[in-house]
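Have a look at data_24.cif; it's mmCIF, C-alpha atoms and all ligand atoms:
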```
data_final
#
loop_
_atom_site.label_atom_id
_atom_site.label_comp_id
_atom_site.auth_asym_id
_atom_site.auth_seq_id
_atom_site.Cartn_x
_atom_site.Cartn_y
_atom_site.Cartn_z
CA MET C 19 133.16 -6.11 75.98
CA GLU C 20 136.33 -4.71 74.40
CA GLY C 21 134.44 -4.18 71.16
CA ILE C 22 131.67 -2.19 72.85
CA LYS C 23 134.25 0.01 74.67
CA LYS C 24 136.11 0.63 71.42
CA PHE C 25 132.85 1.53 69.63
CA ILE C 26 131.92 4.02 72.40
CA ASN C 27 135.43 5.57 72.33
CA ASP C 28 135.56 5.75 68.55
CA TYR C 29 132.09 7.01 67.78
CA LEU C 30 130.06 8.11 70.80
CA VAL C 31 132.59 9.99 73.01
CA ARG C 32 133.21 12.60 70.34
CA LEU C 33 129.48 13.24 69.86
CA SER C 34 128.48 16.85 70.49
CA ILE C 35 125.64 19.09 69.38
CA PRO C 36 126.87 21.08 66.37
CA LYS C 37 126.10 24.76 65.78
CA ILE C 38 122.98 25.00 63.64
CA ASN C 39 122.49 27.95 61.30
CA PHE C 40 119.67 29.00 58.97
CA THR C 41 120.84 27.04 55.90
CA ASP C 42 121.07 23.86 58.01
CA ILE C 43 117.42 24.27 59.00
CA ILE C 44 116.42 24.68 55.34
CA GLU C 45 118.48 21.60 54.44
CA ILE C 46 116.85 19.58 57.24
CA LEU C 47 113.37 20.63 56.08
CA ILE C 48 114.12 19.71 52.43
CA LEU C 49 115.58 16.35 53.50
CA ALA C 50 112.61 15.63 55.77
CA TYR C 51 110.22 16.43 52.89
CA LEU C 52 112.14 14.18 50.48
CA ILE C 53 112.46 11.29 52.95
CA TYR C 54 108.75 11.52 53.79
CA HIS C 55 107.76 11.31 50.11
CA VAL C 56 110.24 8.50 49.35
CA VAL C 57 108.93 6.45 52.31
CA ARG C 58 105.32 7.17 51.29
CA TRP C 59 106.08 6.05 47.74
CA ILE C 60 107.92 2.91 48.87
CA LYS C 61 105.03 1.95 51.19
CA ASN C 62 102.74 1.59 48.19
CA THR C 63 105.09 -0.62 46.17
CA ARG C 64 106.69 -4.06 46.37
CA ALA C 65 109.85 -2.35 47.65
CA TRP C 66 108.29 -2.05 51.14
CA SER C 67 109.20 -5.63 52.11
CA LEU C 68 112.71 -4.99 50.77
CA VAL C 69 113.06 -1.98 53.10
CA LYS C 70 112.09 -4.18 56.05
CA GLY C 71 114.78 -6.66 54.97
CA LEU C 72 117.34 -3.85 54.72
CA VAL C 73 116.52 -2.68 58.25
CA VAL C 74 117.24 -6.21 59.54
CA ILE C 75 120.59 -6.27 57.66
CA MET C 76 121.48 -2.83 59.06
CA ALA C 77 120.72 -4.07 62.58
CA PHE C 78 123.05 -7.05 62.03
CA TRP C 79 125.71 -4.76 60.58
CA LEU C 80 125.54 -2.47 63.63
CA LEU C 81 125.78 -5.48 65.92
CA ALA C 82 128.75 -6.78 63.94
CA VAL C 83 130.52 -3.37 64.20
CA ILE C 84 129.90 -3.06 67.95
CA LEU C 85 130.90 -6.64 68.80
CA GLN C 86 133.58 -6.76 66.11
CA LEU C 87 132.17 -9.88 64.47
CA ASN C 88 134.64 -9.75 61.62
CA VAL C 89 133.32 -12.61 59.47
CA LEU C 90 129.76 -11.24 59.57
CA LEU C 91 131.10 -7.75 58.81
CA TRP C 92 133.08 -9.09 55.85
CA ILE C 93 130.03 -10.89 54.44
CA ILE C 94 127.75 -7.84 54.80
CA THR C 95 130.20 -5.32 53.29
CA ASN C 96 131.00 -7.62 50.37
CA THR C 97 127.38 -8.30 49.50
CA ILE C 98 126.25 -4.65 49.72
CA SER C 99 127.76 -3.54 46.37
CA VAL C 100 126.26 -6.53 44.53
CA GLY C 101 122.99 -5.98 46.41
CA ILE C 102 122.68 -2.37 45.22
CA ILE C 103 123.03 -3.43 41.57
CA ALA C 104 120.49 -6.23 42.13
CA ILE C 105 118.01 -3.77 43.70
CA VAL C 106 118.28 -1.39 40.72
CA ILE C 107 117.62 -4.29 38.29
CA ILE C 108 114.76 -5.86 40.26
CA PHE C 109 112.98 -2.57 40.97
CA GLN C 110 113.59 -0.97 37.57
CA PRO C 111 109.80 -0.70 36.85
CA GLU C 112 109.22 1.06 40.19
CA PHE C 113 112.09 3.50 39.60
CA ARG C 114 110.78 4.23 36.12
CA LYS C 115 107.30 4.86 37.44
CA ALA C 116 108.62 7.16 40.18
CA LEU C 117 110.59 9.24 37.66
CA GLU C 118 107.56 9.45 35.37
CA GLN C 119 105.45 10.66 38.30
CA LEU C 120 108.10 13.23 39.19
CA GLY C 121 107.96 14.53 35.63
CA GLN C 122 104.22 15.06 36.00
CA LYS C 123 104.45 17.08 39.20
CA ASN C 124 103.30 20.65 38.66
CA LEU C 125 106.41 21.88 40.50
CA VAL C 126 108.69 20.59 37.74
CA ARG C 127 106.33 21.39 34.90
CA SER C 128 105.76 24.96 36.01
CA PHE C 129 109.48 25.65 35.59
CA ILE C 130 110.36 23.61 32.54
CA THR C 131 108.19 22.45 29.72
CA PHE C 132 109.33 20.56 26.66
CA ASP C 133 106.10 20.90 24.75
CA ASP C 134 105.88 23.12 21.68
CA SER C 135 102.22 22.50 20.97
CA LYS C 136 99.28 24.72 21.69
CA ASN C 137 96.98 23.03 24.15
CA LEU C 138 94.07 25.16 23.05
CA SER C 139 93.18 22.83 20.17
CA GLU C 140 93.44 19.69 22.33
CA LYS C 141 90.25 20.37 24.30
CA PHE C 142 87.34 18.06 23.61
CA SER C 143 83.95 19.48 22.83
CA ASP C 144 80.76 19.40 24.89
CA HIS C 145 79.37 17.00 22.31
CA THR C 146 82.23 14.53 23.01
CA LEU C 147 81.68 14.97 26.74
CA ASN C 148 77.96 14.17 26.44
CA GLU C 149 78.67 11.14 24.24
CA ILE C 150 81.18 9.76 26.77
CA VAL C 151 78.74 10.19 29.68
CA ARG C 152 75.87 8.64 27.73
CA ALA C 153 77.93 5.64 26.59
CA THR C 154 79.35 5.08 30.08
CA PHE C 155 75.95 4.82 31.74
CA GLU C 156 74.40 2.77 28.96
CA LEU C 157 77.29 0.31 29.30
CA ALA C 158 76.83 0.35 33.08
CA ARG C 159 73.09 -0.34 32.78
CA ALA C 160 73.81 -3.35 30.55
CA LYS C 161 76.67 -4.47 32.85
CA THR C 162 79.13 -4.35 29.99
CA GLY C 163 82.71 -3.91 31.20
CA ALA C 164 84.55 -0.90 29.77
CA LEU C 165 87.82 0.96 30.16
CA ILE C 166 88.01 4.45 28.62
CA VAL C 167 91.18 6.55 28.91
CA ILE C 168 90.95 10.26 28.16
CA GLU C 169 94.35 11.63 27.25
CA GLN C 170 95.37 14.95 28.78
CA ASP C 171 98.86 16.52 28.62
CA THR C 172 100.91 13.30 28.94
CA PRO C 173 101.07 11.61 25.51
CA LEU C 174 99.70 8.06 25.53
CA ALA C 175 101.16 7.01 22.15
CA GLU C 176 103.13 4.21 23.83
CA TYR C 177 99.88 2.57 25.04
CA GLU C 178 97.93 3.47 21.89
CA SER C 179 100.40 1.41 19.86
CA THR C 180 99.50 -1.73 21.85
CA GLY C 181 95.95 -1.60 20.50
CA ILE C 182 94.10 -1.35 17.21
CA SER C 183 94.02 2.07 15.57
CA ILE C 184 90.53 3.52 15.10
CA ASP C 185 90.76 7.30 14.63
CA SER C 186 87.09 8.16 14.57
CA LEU C 187 84.98 10.94 16.08
CA THR C 188 83.73 9.95 19.52
CA SER C 189 80.13 8.82 19.62
CA SER C 190 78.21 6.89 22.26
CA GLU C 191 77.14 4.32 19.66
CA LEU C 192 80.73 3.59 18.67
CA LEU C 193 81.87 3.29 22.29
CA ILE C 194 79.00 0.93 23.12
CA ASN C 195 79.77 -1.11 20.03
CA ILE C 196 83.45 -1.40 20.86
CA PHE C 197 82.79 -2.85 24.32
CA GLU C 198 80.05 -5.24 23.17
CA HIS C 199 80.76 -8.78 24.44
CA ASN C 200 82.28 -11.26 22.04
CA THR C 201 83.34 -8.67 19.49
CA PRO C 202 86.96 -8.33 18.36
CA LEU C 203 87.52 -4.90 19.96
CA HIS C 204 85.90 -5.37 23.37
CA ASP C 205 89.01 -6.45 25.31
CA GLY C 206 91.38 -3.86 26.74
CA ALA C 207 91.08 -0.08 26.80
CA VAL C 208 89.88 2.64 24.47
CA ILE C 209 92.00 5.80 24.27
CA ILE C 210 90.34 9.13 23.48
CA ARG C 211 92.44 12.07 22.32
CA GLY C 212 90.62 15.35 21.87
CA ASN C 213 87.36 14.56 20.11
CA ARG C 214 88.55 11.29 18.59
CA ILE C 215 88.72 7.68 19.67
CA VAL C 216 92.26 6.88 18.60
CA ALA C 217 92.54 3.20 19.52
CA ALA C 218 90.82 0.23 21.15
CA THR C 219 92.07 -3.02 22.76
CA CYS C 220 94.98 -1.09 24.30
CA TYR C 221 97.01 -2.75 27.00
CA LEU C 222 97.60 -0.53 30.05
CA PRO C 223 100.16 -0.90 32.85
CA LEU C 224 98.70 -2.56 35.94
CA SER C 225 98.98 -0.70 39.23
CA ASP C 226 101.01 -2.51 41.87
CA ASN C 227 99.63 -0.40 44.70
CA MET C 228 99.33 -2.91 47.52
CA GLN C 229 96.76 -0.83 49.37
CA LEU C 230 94.10 -1.29 46.71
CA SER C 231 91.04 -3.25 47.70
CA LYS C 232 91.45 -6.97 47.03
CA ASP C 233 88.08 -7.12 45.28
CA LEU C 234 89.42 -4.99 42.41
CA GLY C 235 90.32 -7.02 39.35
CA THR C 236 92.68 -6.29 36.48
CA ARG C 237 90.34 -3.86 34.66
CA HIS C 238 90.36 -1.52 37.66
CA ARG C 239 94.08 -2.05 38.28
CA ALA C 240 94.81 -1.16 34.65
CA GLY C 241 92.68 2.01 34.98
CA ILE C 242 94.56 3.05 38.11
CA GLY C 243 97.90 2.00 36.56
CA ILE C 244 97.57 4.37 33.59
CA SER C 245 96.52 7.20 35.92
CA GLU C 246 99.71 6.65 37.96
CA VAL C 247 102.01 7.11 34.98
CA SER C 248 100.06 9.87 33.21
CA ASP C 249 97.65 12.71 33.94
CA SER C 250 94.86 10.94 32.04
CA LEU C 251 91.31 10.56 33.30
CA THR C 252 90.13 6.96 33.14
CA ILE C 253 86.55 5.72 33.29
CA ILE C 254 86.00 2.12 34.36
CA VAL C 255 82.68 0.30 34.07
CA SER C 256 82.51 -2.89 36.08
CA GLU C 257 81.17 -5.91 34.25
CA GLU C 258 80.38 -7.58 37.56
CA THR C 259 78.42 -4.79 39.28
CA GLY C 260 77.68 -2.26 36.52
CA LYS C 261 79.21 0.45 38.71
CA VAL C 262 81.22 3.31 37.26
CA SER C 263 84.58 4.38 38.71
CA ILE C 264 87.06 7.10 37.82
CA ALA C 265 90.85 6.85 38.12
CA LYS C 266 92.93 10.01 38.26
CA GLY C 267 96.39 10.62 39.69
CA GLY C 268 96.66 7.04 40.98
CA LYS C 269 93.40 7.34 42.95
CA LEU C 270 90.18 5.48 42.30
CA ILE C 271 86.81 7.08 42.97
CA ARG C 272 84.27 4.28 43.02
CA ASN C 273 80.61 4.21 42.22
CA VAL C 274 80.20 7.67 40.73
CA ASP C 275 77.00 9.05 39.23
CA GLY C 276 76.44 10.91 35.97
CA ASP C 277 76.76 14.39 37.49
CA TYR C 278 80.06 13.55 39.12
CA LEU C 279 81.49 12.06 35.93
CA ARG C 280 80.31 15.12 34.01
CA SER C 281 82.01 17.48 36.49
CA LYS C 282 85.30 15.55 36.20
CA LEU C 283 85.10 15.65 32.41
CA ILE C 284 84.45 19.41 32.54
CA ASP C 285 87.62 19.73 34.66
CA ALA C 286 89.49 17.74 32.03
CA GLN C 287 88.23 20.06 29.30
CA LYS C 288 89.86 23.14 30.80
CA LYS C 289 93.13 23.58 29.01
CA THR C 290 93.65 27.18 28.14
CA VAL C 291 97.39 27.73 28.66
CA GLU C 292 99.42 28.24 25.51
CA VAL C 293 102.72 26.40 25.81
CA LYS C 294 105.85 27.55 23.97
CA LYS C 295 109.04 25.62 23.30
CA LEU C 296 111.27 24.85 26.29
CA LYS C 297 110.42 27.95 28.27
CA LEU C 298 111.95 28.26 31.68
CA TRP C 299 109.47 29.54 34.23
CA ARG C 300 105.98 29.33 32.84
CA GLY C 301 104.96 32.57 34.56
CA LYS C 302 106.78 34.59 31.86
CA ASN C 303 104.53 33.02 29.28
CA LYS C 304 101.33 34.50 30.50
CA GLU C 305 100.01 37.39 28.49
N1 LIG L 401 96.37 -4.41 31.47
C1 LIG L 401 95.17 -4.24 30.93
N2 LIG L 401 94.96 -3.26 30.05
C2 LIG L 401 93.73 -3.07 29.51
N3 LIG L 401 92.66 -3.81 29.82
C3 LIG L 401 92.80 -4.79 30.70
C4 LIG L 401 94.06 -5.06 31.31
N4 LIG L 401 93.91 -6.09 32.16
C5 LIG L 401 92.61 -6.46 32.07
N5 LIG L 401 91.94 -5.69 31.20
C6 LIG L 401 90.52 -5.78 30.85
O1 LIG L 401 89.83 -6.20 32.00
C7 LIG L 401 89.12 -7.42 31.72
C8 LIG L 401 89.16 -8.32 32.93
O2 LIG L 401 88.57 -7.68 33.94
P1 LIG L 401 88.49 -8.30 35.44
O3 LIG L 401 87.22 -9.04 35.57
O4 LIG L 401 89.76 -8.99 35.79
O5 LIG L 401 88.52 -6.91 36.19
P2 LIG L 401 87.63 -6.26 37.33
O6 LIG L 401 88.41 -5.07 37.77
O7 LIG L 401 87.19 -7.27 38.33
O8 LIG L 401 86.40 -5.70 36.53
P3 LIG L 401 84.88 -6.21 36.49
O9 LIG L 401 84.22 -5.59 37.69
O10 LIG L 401 84.44 -5.65 35.19
O11 LIG L 401 84.89 -7.73 36.53
C9 LIG L 401 89.84 -8.02 30.54
O12 LIG L 401 88.95 -8.81 29.78
C10 LIG L 401 90.32 -6.82 29.77
O13 LIG L 401 89.30 -6.35 28.90
#
```
Would you put the structure from the file into structure tokens?
Ligand SMILES: Nc1ncnc2c1ncn2[C@@H]1O[C@H](COP(=O)(O)OP(=O)(O)OP(=O)(O)O)[C@@H](O)[C@H]1O
Amino acid sequence: MEGIKKFINDYLVRLSIPKINFTDIIEILILAYLIYHVVRWIKNTRAWSLVKGLVVIMAFWLLAVILQLNVLLWIITNTISVGIIAIVIIFQPEFRKALEQLGQKNLVRSFITFDDSKNLSEKFSDHTLNEIVRATFELARAKTGALIVIEQDTPLAEYESTGISIDSLTSSELLINIFEHNTPLHDGAVIIRGNRIVAATCYLPLSDNMQLSKDLGTRHRAGIGISEVSDSLTIIVSEETGKVSIAKGGKLIRNVDGDYLRSKLIDAQKKTVEVKKLKLWRGKNKE
């Protein structure tokens, strides 16, 4: 009882509504936006169960403060510092992914860009587009599994190096040949940069989004995984059903037809902004 009285005297009696001015409102809105996005991100990762655990510990901590349970308080405060380091180590892949996603947000990229290349030459031709569509649906008809990643602005060199270098002009015949069963190149993903197939048998990061349908296997998870850490467009052909799916921005669009795939590829072709070295505020760049 004494503990509860002390807690009320120490913390609750002095509570009053502070004066709120305009900057406070802006701060509250920014914080609300950030908290909303952090919670939304955590909900889709393994960290969600950790948050639930932390809420339980916080409840115990509050109880220990109110009732002055000193031993419990000592244990909780002494484990918190070690716990924070452990969380950073255990969830290092999630933190990395979150920072990579932040780097891809248009908000950041529209202010700062580190690219000194001209995107104009990176577009793929209509011929490449037609070859990709043709190969995709021929593979689908034959129920041959395939995973085709089309690089956009985020460089995929890291994933390209996990596979076998090809560096050949994109053709439907070559794509079909690569994914042919029981051939050395059929496993893993193909990466297309511009008009060229740069590598096959590439290993992609698997998505750990817990909200994905349980009937999706590793091919689909790998397609979604690469779209979470880059702005690539990924085409997935299911070996089981022969259906074609597209992964973009961490989202999977299942069972698409030729027209839809074509429209998404046309979107991916549009890269007409010339990027100069480390320019602050992209708007100044426009001519
Ligand atoms: N991390 C990865 N990176 C690239 N390719 C992968 C990866 N993991 C699996 N694959 C490819 O996916 C194949 C296995 O597909 P799996 O059957 O598990 O997936 P699925 O999503 O159910 O697709 P399907 O409908 O084709 O069966 C592997 O043989 C390999 O070619």
List as a Markdown table every residue of chain C that is in contact with ligand LIG 401 (chain L), defined as an atom at most 6 Å from one of its atoms (using all atoms listed in the file), together with the nearest atom pair and the distance in Å rounded to one decimal, sorted by chain and then rising number.
```
| residue | atom | partner | partner_atom | distance |
| --- | --- | --- | --- | --- |
| C:Gly163 | CA | L:LIG401 | O10 | 4.7 |
| C:Asp205 | CA | L:LIG401 | O13 | 3.6 |
| C:Gly206 | CA | L:LIG401 | N3 | 3.3 |
| C:Ala207 | CA | L:LIG401 | C2 | 4.8 |
| C:Cys220 | CA | L:LIG401 | C2 | 5.7 |
| C:Tyr221 | CA | L:LIG401 | N2 | 3.7 |
| C:Leu222 | CA | L:LIG401 | N2 | 3.8 |
| C:Pro223 | CA | L:LIG401 | N1 | 5.3 |
| C:Leu224 | CA | L:LIG401 | N1 | 5.4 |
| C:Leu234 | CA | L:LIG401 | O6 | 4.7 |
| C:Gly235 | CA | L:LIG401 | O6 | 3.2 |
| C:Thr236 | CA | L:LIG401 | O4 | 4.0 |
| C:Arg237 | CA | L:LIG401 | O1 | 3.6 |
| C:His238 | CA | L:LIG401 | O6 | 4.1 |
| C:Ala240 | CA | L:LIG401 | N1 | 4.8 |
| C:Ser256 | CA | L:LIG401 | O10 | 3.5 |
| C:Glu257 | CA | L:LIG401 | O10 | 3.4 |
| C:Glu258 | CA | L:LIG401 | O9 | 4.3 |
```
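Counting only C-alpha atoms, the residue from C:Ile75, C:Leu80, C:Ala65, C:Ile38 that sits nearest to Met228 in chain C is C:Ala65.
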Practice prompt. May I ask for the distance between CA of Ile26 in chain C and CA of Gln86 in chain C, given in Å to one decimal place?
Written response: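 So the answer is 12.6 Å.
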Discussion item. Using only C-alpha atoms, which protein or nucleic acid residues come within 9 Å of range 139-151 of chain C? Drop anything in the same chain fewer than 4 positions from it, and give the result as a ChimeraX atom specification.
Written reply: /C:155-156,166,170-171,187-191,193,211-214,276,279-280,283-284,286-290
Item to complete: Would you kindly return, as a list in words, each protein, DNA or RNA residue with an atom no farther than 10 Å from any atom of range 76-78 of chain C, considering all atoms listed in the file and excluding same-chain residues fewer than 6 positions away?
Response: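 Those residues are Lys70, Ile84, Leu87, Leu90, Leu91 and Ile94 of chain C.
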Item to complete: Would you mind reading off the distance between CA of His55 in chain C and CA of Asp285 in chain C, one decimal, in Å?
Response: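 Answer for the CA of His55 in chain C to CA of Asp285 in chain C separation: 26.7 Å.
Our summary of the geometry notes that CA of Lys115 in chain C is positioned 14.5 Å from CA of Leu174 in chain C.
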Worksheet item: For Pro202 in chain C, which of C:Ile108, C:Ile35, C:Leu165, C:Ile182 is the closest residue, counting all atoms listed in the file?
Response: C:Ile182
Worksheet entry | Selected residue of minimal separation from Glu246 in chain C among C:Leu120, C:Val69, C:Val89, C:Ile215, counting all atoms listed in the file |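 The shortest atom-to-atom distance to Glu246 in chain C comes from C:Leu120.
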Worksheet item: Using all atoms listed in the file, which residue out of C:Gln110, C:Ser248, C:Asn227, C:Asn200 lies closest to Pro173 in chain C?
Response: C:Ser248
Fill in: Who sits within 9 Å of Ile264 in chain C, only C-alpha atoms, same chain under 5 positions skipped, as a count of residues only
15
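With distances taken over all atoms listed in the file, C:Ala160 is the one residue among C:Val167, C:Ala160, C:Ala218, C:Ile184 lying closest to Thr259 in chain C.
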